[in-house]
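Okay, structure first, notes after.
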Amino acid sequence: MVQFNFSERTIKAKVVYYGPAQSGKTTNLEQIHRLTDPAANNRLISLNTAQDRTLFFDLLPFSLGAVSGYDFKIQLYTVPGQVQYNATRRVVLAGADAVVFVADARRSMLKENQAAFENMKVNLLANRLVPEKVPLVLQYNKQDLPDVMAAVELNKTLNPWNRPAVGAVAMQGKGVIEVFVAVVQDMLSAIAVKYNLKEKGLDPASVPQVVKEAFAEVMKNAAAAAVAPPTLVEGEAQAPPPRAAKVVVSQQTDSLHAAPPQTGADTGLVSEELLHRSLRSNVELAEALAGMVREMNLGLGHILSQAEVLMVMREDAVDKRQAALVAIQQEATRLRKVIQQLGEPAASGEDPLKSTRPMGSVPAAAPARAVAAPPRAAAQAAANGGLHALLSDVLGGAQEALDAQEVSVDLRVPATTGLPSCPPLALRQALAGAVEGLVTSALPGTQLSLRCERKPVLLKGRDGEVKRDFLMLALAHTGNLSPDDQQRVMQGTDAGPLGQASRLFREMGGFIRFAPLPGGALETRVFLPVA
Ligand SMILES: Nc1nc2c(ncn2[C@@H]2O[C@H](COP(=O)(O)OP(=O)(O)O)[C@@H](O)[C@H]2O)c(=O)[nH]1
Ligand SMILES: [Mg+2]
């Protein structure tokens, strides 16, 4: 699933190389690594069986550099082709933004190609991805071998949607970068359309050219490497190709997929912790754990700062001491829930690899977001003051944008208003996103006014209706946030800072609504849980 961070201007996307066993998927990643990252800044991580077959996946992080001012990062994965690893394939395919289907073009492999293609469609659907819509490029590999089928023939069975198809000899690096460029072009165009990035400076129509230019240097190097392969002097031992920074980890997995264990000399290069997680569970769980670490850091930060408040507070400030204790208790309870929820699959004996639990349903522990390093001042504001102090700090951070838009601020939140029960640093980040989104859409010379009130909300659930108190923070501004924009923000599909904020509020148990005000202003109402 593509991830945006507009304040850092990064886009992160996932490409999966799919296909039958031994068609050349791993070779593709090795070649991309060799051609695009000669200094080996990134590691290609391969999790192989003793027979050098991909057991779980290969993973190659790839940075395309700046595309229209965005730092565009791509995670490249392969799947294991062997029939018995279907659960792994399905997990690795989850959240793919694009797929490369690597076929072995030999006639004798036609059945395997067809079976893998059908299997890909099933697994895409299992991940709620529509095969006809997923950006897809085909690679007809092993063109150097005898008895390869012609592209027109292969197209008949493997290319029902008339996608780009490229002949290749992956082993020699031929056709590897062409395929990669084609898939990145399709993927980024689709992302630009889906998330309406035109407004953000990335016009879908210009994507193919922009990507081509970004790859120009790599293409040139790849062509040169293919034209002039290293010459071998007869009788001389062939030097192994450089495999810098490749980490091969051979592993024994669960009994179903048992393979002879083998300890690679360079196993220790990768954090054992990371691999342990990736191997024992799956890609999703590794990401969920990363999310939980962030969550724990935020929560513990809150607890520690409340403890500090307690230490410096006067003995007789009973109310304030009580409030700090309650905040500590709430945060600790919330963190315990996060851990319990993450432990659920293991506790029920469920094999995470076979789990059909979608990533998003690992609650709170898998926020697909990038939490920016929290400024110290914000943490302090959150600890010492209430909502007013936090908002002042957020507005201070947005001063430049406010000045640029000539937007004035009317902060009508009482200094005595306490914070909602949300992790303060995530809350600050979400509020900053909301303010940024509103200020950028505000008409010059207008005012942003903020007020808050406690509001009971009727929540409809499976067990009927419940009334809950929320803290409603209302931000009124005059700008051009269309009903469509509002809809996208509420649904969490908006790619801008307001959409990002909406997703964060939702993770914290809150939500956003909009209400038009007389005189043409719009009130953005952020509902946040209170104790
Ligand atoms: N002749 C030939 N062999 C290839 C080509 N690409 C990959 N191979 C070989 O095919 C075998 C399987 O490749 P690999 O990348 O591990 O396949 P995977 O199972 O799809 O990851 C290896 O021995 C590769 O060297 C190619 O274009 N031509
Ligand atoms: Mg492989």
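Here's how to read the names in the structure tokens: chain A, B, ... by the order shown, residue numbers from 1 in each chain, ligand numbers from 1 in the order shown.
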
Show which residues sit within 6 Å of range 204-214 of chain A, as a PDB file with N, CA, C and O atoms, in the first residue's frame. Count only C-alpha atoms, and ignore same-chain residues fewer than 2 positions away.
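Dumped everything to selection09.pdb:
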```pdb
ATOM      1  N   GLN A 185       6.644   3.261 -14.133  1.00  0.00           N
ATOM      2  CA  GLN A 185       5.823   4.247 -14.852  1.00  0.00           C
ATOM      3  C   GLN A 185       4.341   3.984 -14.625  1.00  0.00           C
ATOM      4  O   GLN A 185       3.579   4.884 -14.258  1.00  0.00           O
ATOM      5  N   SER A 189       1.914   6.346 -12.283  1.00  0.00           N
ATOM      6  CA  SER A 189       0.767   6.990 -12.944  1.00  0.00           C
ATOM      7  C   SER A 189      -0.510   6.646 -12.187  1.00  0.00           C
ATOM      8  O   SER A 189      -1.341   7.515 -11.915  1.00  0.00           O
ATOM      9  N   ALA A 192      -0.663   8.507  -8.943  1.00  0.00           N
ATOM     10  CA  ALA A 192      -0.929   9.942  -9.153  1.00  0.00           C
ATOM     11  C   ALA A 192      -2.402  10.190  -9.459  1.00  0.00           C
ATOM     12  O   ALA A 192      -2.978  11.183  -9.027  1.00  0.00           O
ATOM     13  N   ALA A 216      17.392   7.583 -16.511  1.00  0.00           N
ATOM     14  CA  ALA A 216      18.244   7.722 -17.704  1.00  0.00           C
ATOM     15  C   ALA A 216      19.653   7.181 -17.480  1.00  0.00           C
ATOM     16  O   ALA A 216      20.173   6.396 -18.286  1.00  0.00           O
TER      17      ALA A 216
END
```

Tell me, as a PyMOL selection string, which residues lie within 12 Å of Thr440 in chain A, counting only C-alpha atoms; anything in the same chain fewer than 2 positions away does not count.
-> chain A and resi 199-200+398-407+433-438+442-444+446+448+477-481+496-498

File dump, residues just selected, N, CA, C and O atoms, as a compact mmCIF listing (two decimals), in the first residue's frame:
```txt
# COMPACT_ATOMS: atom_id res chain seq x y z
N GLU A 199 -2.58 18.07 -7.97
CA GLU A 199 -2.56 19.27 -7.12
C GLU A 199 -1.24 19.38 -6.36
O GLU A 199 -0.84 20.44 -5.92
N LYS A 200 -0.59 18.24 -6.16
CA LYS A 200 0.66 18.24 -5.38
C LYS A 200 1.88 18.32 -6.28
O LYS A 200 2.99 18.03 -5.85
N ALA A 398 3.19 26.40 12.53
CA ALA A 398 2.58 26.67 11.22
C ALA A 398 2.67 28.15 10.85
O ALA A 398 2.05 28.60 9.87
N GLN A 399 3.44 28.91 11.65
CA GLN A 399 3.47 30.36 11.46
C GLN A 399 3.85 30.78 10.04
O GLN A 399 3.25 31.68 9.46
N GLU A 400 4.83 30.06 9.49
CA GLU A 400 5.29 30.42 8.15
C GLU A 400 4.16 30.29 7.12
O GLU A 400 3.92 31.18 6.31
N ALA A 401 3.44 29.17 7.21
CA ALA A 401 2.32 28.92 6.28
C ALA A 401 1.22 29.95 6.51
O ALA A 401 0.62 30.46 5.56
N LEU A 402 0.98 30.27 7.79
CA LEU A 402 -0.05 31.26 8.11
C LEU A 402 0.31 32.61 7.51
O LEU A 402 -0.53 33.28 6.90
N ASP A 403 1.58 32.98 7.67
CA ASP A 403 2.04 34.27 7.12
C ASP A 403 1.92 34.27 5.60
O ASP A 403 1.48 35.24 5.00
N ALA A 404 2.34 33.14 4.99
CA ALA A 404 2.32 33.09 3.52
C ALA A 404 0.91 33.27 2.99
O ALA A 404 0.70 33.89 1.95
N GLN A 405 -0.08 32.70 3.72
CA GLN A 405 -1.48 32.80 3.26
C GLN A 405 -2.18 34.03 3.84
O GLN A 405 -3.36 34.23 3.61
N GLU A 406 -1.45 34.77 4.66
CA GLU A 406 -2.02 35.92 5.38
C GLU A 406 -3.27 35.51 6.15
O GLU A 406 -4.31 36.17 6.09
N VAL A 407 -3.16 34.39 6.84
CA VAL A 407 -4.29 33.92 7.63
C VAL A 407 -4.03 34.24 9.10
O VAL A 407 -2.96 33.93 9.62
N GLY A 433 -1.08 18.45 11.06
CA GLY A 433 -1.52 18.11 9.70
C GLY A 433 -2.83 18.80 9.38
O GLY A 433 -3.02 19.35 8.29
N ALA A 434 -3.76 18.79 10.36
CA ALA A 434 -5.06 19.41 10.12
C ALA A 434 -4.89 20.91 9.88
O ALA A 434 -5.46 21.48 8.95
N VAL A 435 -4.07 21.54 10.73
CA VAL A 435 -3.86 22.99 10.58
C VAL A 435 -3.19 23.27 9.23
O VAL A 435 -3.63 24.16 8.48
N GLU A 436 -2.20 22.47 8.89
CA GLU A 436 -1.49 22.69 7.61
C GLU A 436 -2.48 22.57 6.43
O GLU A 436 -2.51 23.41 5.54
N GLY A 437 -3.32 21.52 6.48
CA GLY A 437 -4.29 21.30 5.40
C GLY A 437 -5.26 22.45 5.28
O GLY A 437 -5.58 22.91 4.18
N LEU A 438 -5.72 22.95 6.44
CA LEU A 438 -6.72 24.02 6.40
C LEU A 438 -6.09 25.34 5.96
O LEU A 438 -6.67 26.10 5.18
N ALA A 442 -6.95 27.77 2.73
CA ALA A 442 -7.66 29.00 3.15
C ALA A 442 -7.47 30.13 2.13
O ALA A 442 -6.44 30.21 1.47
N LEU A 443 -8.48 30.96 2.05
CA LEU A 443 -8.35 32.14 1.18
C LEU A 443 -7.47 33.16 1.88
O LEU A 443 -7.56 33.34 3.10
N PRO A 444 -6.60 33.85 1.13
CA PRO A 444 -5.71 34.83 1.76
C PRO A 444 -6.52 35.91 2.49
O PRO A 444 -7.59 36.32 2.03
N THR A 446 -8.04 35.65 5.32
CA THR A 446 -9.15 35.18 6.16
C THR A 446 -8.64 34.76 7.54
O THR A 446 -7.44 34.90 7.83
N LEU A 448 -8.54 31.83 10.77
CA LEU A 448 -8.76 30.45 11.24
C LEU A 448 -9.12 30.58 12.71
O LEU A 448 -8.34 31.13 13.49
N HIS A 477 -12.70 27.92 9.06
CA HIS A 477 -11.88 28.68 8.12
C HIS A 477 -12.67 28.93 6.84
O HIS A 477 -13.68 28.29 6.58
N THR A 478 -12.20 29.90 6.08
CA THR A 478 -12.84 30.18 4.80
C THR A 478 -11.85 29.80 3.72
O THR A 478 -10.75 30.35 3.67
N GLY A 479 -12.24 28.83 2.91
CA GLY A 479 -11.29 28.39 1.90
C GLY A 479 -11.97 27.56 0.84
O GLY A 479 -13.20 27.58 0.71
N ASN A 480 -11.15 26.85 0.08
CA ASN A 480 -11.76 26.08 -0.99
C ASN A 480 -11.59 24.58 -0.79
O ASN A 480 -10.89 23.92 -1.53
N LEU A 481 -12.22 24.09 0.23
CA LEU A 481 -12.24 22.66 0.48
C LEU A 481 -13.58 22.14 -0.04
O LEU A 481 -14.61 22.30 0.61
N GLY A 496 -3.52 14.38 1.09
CA GLY A 496 -2.92 15.59 1.67
C GLY A 496 -2.76 15.50 3.18
O GLY A 496 -3.13 14.50 3.80
N PRO A 497 -2.24 16.56 3.78
CA PRO A 497 -2.00 16.55 5.24
C PRO A 497 -3.29 16.39 6.04
O PRO A 497 -3.30 15.77 7.10
N LEU A 498 -4.40 16.92 5.49
CA LEU A 498 -5.67 16.79 6.20
C LEU A 498 -6.13 15.33 6.20
O LEU A 498 -6.68 14.83 7.20
```

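Of note, CA of Phe180 in chain A and CA of Glu153 in chain A are spaced 22.6 Å apart.
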
Could you give me, as CSV, a per-residue list for chain A showing, wherever an atom lies at most 9 Å from an atom of ligand 1, the closest pair of atoms and their distance in Å to one decimal, using only C-alpha atoms and all ligand atoms and sorting by chain then residue number from low to high?
```
residue,atom,partner,partner_atom_place_in_ligand_line,distance
A:Tyr17,CA,ligand 1,20 (O),8.4
A:Tyr18,CA,ligand 1,20 (O),7.8
A:Gly19,CA,ligand 1,20 (O),6.5
A:Pro20,CA,ligand 1,20 (O),6.4
A:Ala21,CA,ligand 1,19 (O),4.3
A:Gln22,CA,ligand 1,19 (O),3.2
A:Ser23,CA,ligand 1,20 (O),4.0
A:Gly24,CA,ligand 1,15 (O),3.3
A:Lys25,CA,ligand 1,20 (O),3.7
A:Thr26,CA,ligand 1,21 (O),3.7
A:Thr27,CA,ligand 1,15 (O),3.6
A:Asn28,CA,ligand 1,15 (O),6.5
A:Leu29,CA,ligand 1,15 (O),8.1
A:Glu30,CA,ligand 1,15 (O),8.1
A:Asp52,CA,ligand 1,16 (O),7.0
A:Arg53,CA,ligand 1,19 (O),5.8
A:Thr54,CA,ligand 1,21 (O),5.9
A:Phe57,CA,ligand 1,21 (O),8.8
A:Asp58,CA,ligand 1,21 (O),8.4
A:Thr78,CA,ligand 1,21 (O),7.1
A:Val79,CA,ligand 1,21 (O),7.6
A:Pro80,CA,ligand 1,19 (O),6.4
A:Gly81,CA,ligand 1,19 (O),5.9
A:Gln82,CA,ligand 1,19 (O),8.1
A:Val102,CA,ligand 1,20 (O),7.3
A:Ala103,CA,ligand 1,20 (O),8.5
A:Asp104,CA,ligand 1,5 (C),8.3
A:Tyr140,CA,ligand 1,27 (O),8.9
A:Asn141,CA,ligand 1,27 (O),5.2
A:Lys142,CA,ligand 1,27 (O),3.5
A:Gln143,CA,ligand 1,27 (O),6.2
A:Asp144,CA,ligand 1,28 (N),5.7
A:Leu145,CA,ligand 1,1 (N),5.6
A:Ala168,CA,ligand 1,27 (O),6.1
A:Val169,CA,ligand 1,27 (O),3.2
A:Ala170,CA,ligand 1,27 (O),4.0
A:Met171,CA,ligand 1,6 (N),4.1
A:Gln172,CA,ligand 1,27 (O),6.5
A:Gly173,CA,ligand 1,27 (O),7.9
A:Lys174,CA,ligand 1,27 (O),7.8
```

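From CA of Arg412 in chain A back to CA of Phe505 in chain A, the distance works out to 21.1 Å.
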
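Close contacts of range 300-312 of chain A, defined as residues with an atom at most 7 Å away when counting only C-alpha atoms, with chain neighbours fewer than 6 positions off set aside, comprise Arg321, Ala324, Ile328, Glu331, Ala383, Pro423 and Pro424 of chain A.
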
Selected residues written out, all heavy atoms, as a compact mmCIF listing (two decimals), in the first residue's frame:
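That gives us out.txt:
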```
# COMPACT_ATOMS: atom_id res chain seq x y z
N ARG A 321 -2.19 16.48 40.82
CA ARG A 321 -1.50 15.19 41.01
C ARG A 321 -2.42 14.05 40.61
O ARG A 321 -2.01 13.10 39.97
CB ARG A 321 -1.07 15.03 42.48
CG ARG A 321 -0.03 16.06 42.90
CD ARG A 321 0.37 15.85 44.36
NE ARG A 321 1.14 14.62 44.51
CZ ARG A 321 2.47 14.58 44.46
NH1 ARG A 321 3.16 15.69 44.28
NH2 ARG A 321 3.11 13.45 44.57
N ALA A 324 -2.62 13.77 36.85
CA ALA A 324 -1.43 13.15 36.27
C ALA A 324 -1.46 11.63 36.47
O ALA A 324 -1.14 10.86 35.56
CB ALA A 324 -0.17 13.75 36.89
N ILE A 328 -1.54 8.71 33.62
CA ILE A 328 -0.57 7.60 33.57
C ILE A 328 -1.29 6.26 33.50
O ILE A 328 -0.98 5.40 32.68
CB ILE A 328 0.35 7.63 34.83
CG1 ILE A 328 1.33 8.80 34.71
CG2 ILE A 328 1.10 6.32 34.99
CD1 ILE A 328 2.19 9.01 35.93
N GLU A 331 -2.87 5.73 30.02
CA GLU A 331 -1.88 5.45 28.98
C GLU A 331 -1.35 4.03 29.13
O GLU A 331 -1.16 3.31 28.15
CB GLU A 331 -0.76 6.50 29.07
CG GLU A 331 0.08 6.64 27.83
CD GLU A 331 -0.71 6.89 26.56
OE1 GLU A 331 -1.82 7.44 26.60
OE2 GLU A 331 -0.20 6.52 25.49
N ALA A 383 2.89 17.95 28.15
CA ALA A 383 2.99 17.49 29.53
C ALA A 383 2.54 18.58 30.51
O ALA A 383 1.85 18.31 31.48
CB ALA A 383 4.43 17.09 29.83
N PRO A 423 -2.37 9.64 22.57
CA PRO A 423 -0.93 9.83 22.78
C PRO A 423 -0.57 11.26 22.33
O PRO A 423 -0.87 11.63 21.19
CB PRO A 423 -0.28 8.80 21.86
CG PRO A 423 -1.38 7.91 21.41
CD PRO A 423 -2.68 8.59 21.63
N PRO A 424 0.02 12.06 23.21
CA PRO A 424 0.18 13.50 22.91
C PRO A 424 1.01 13.79 21.66
O PRO A 424 0.72 14.75 20.95
CB PRO A 424 0.86 14.06 24.16
CG PRO A 424 1.37 12.89 24.91
CD PRO A 424 0.55 11.71 24.53
```

Per-residue DSSP, range 382-462 of chain A, filtered to strand (DSSP E or B), as a VMD selection string = chain A and resid 408 to 411 442 447 to 461
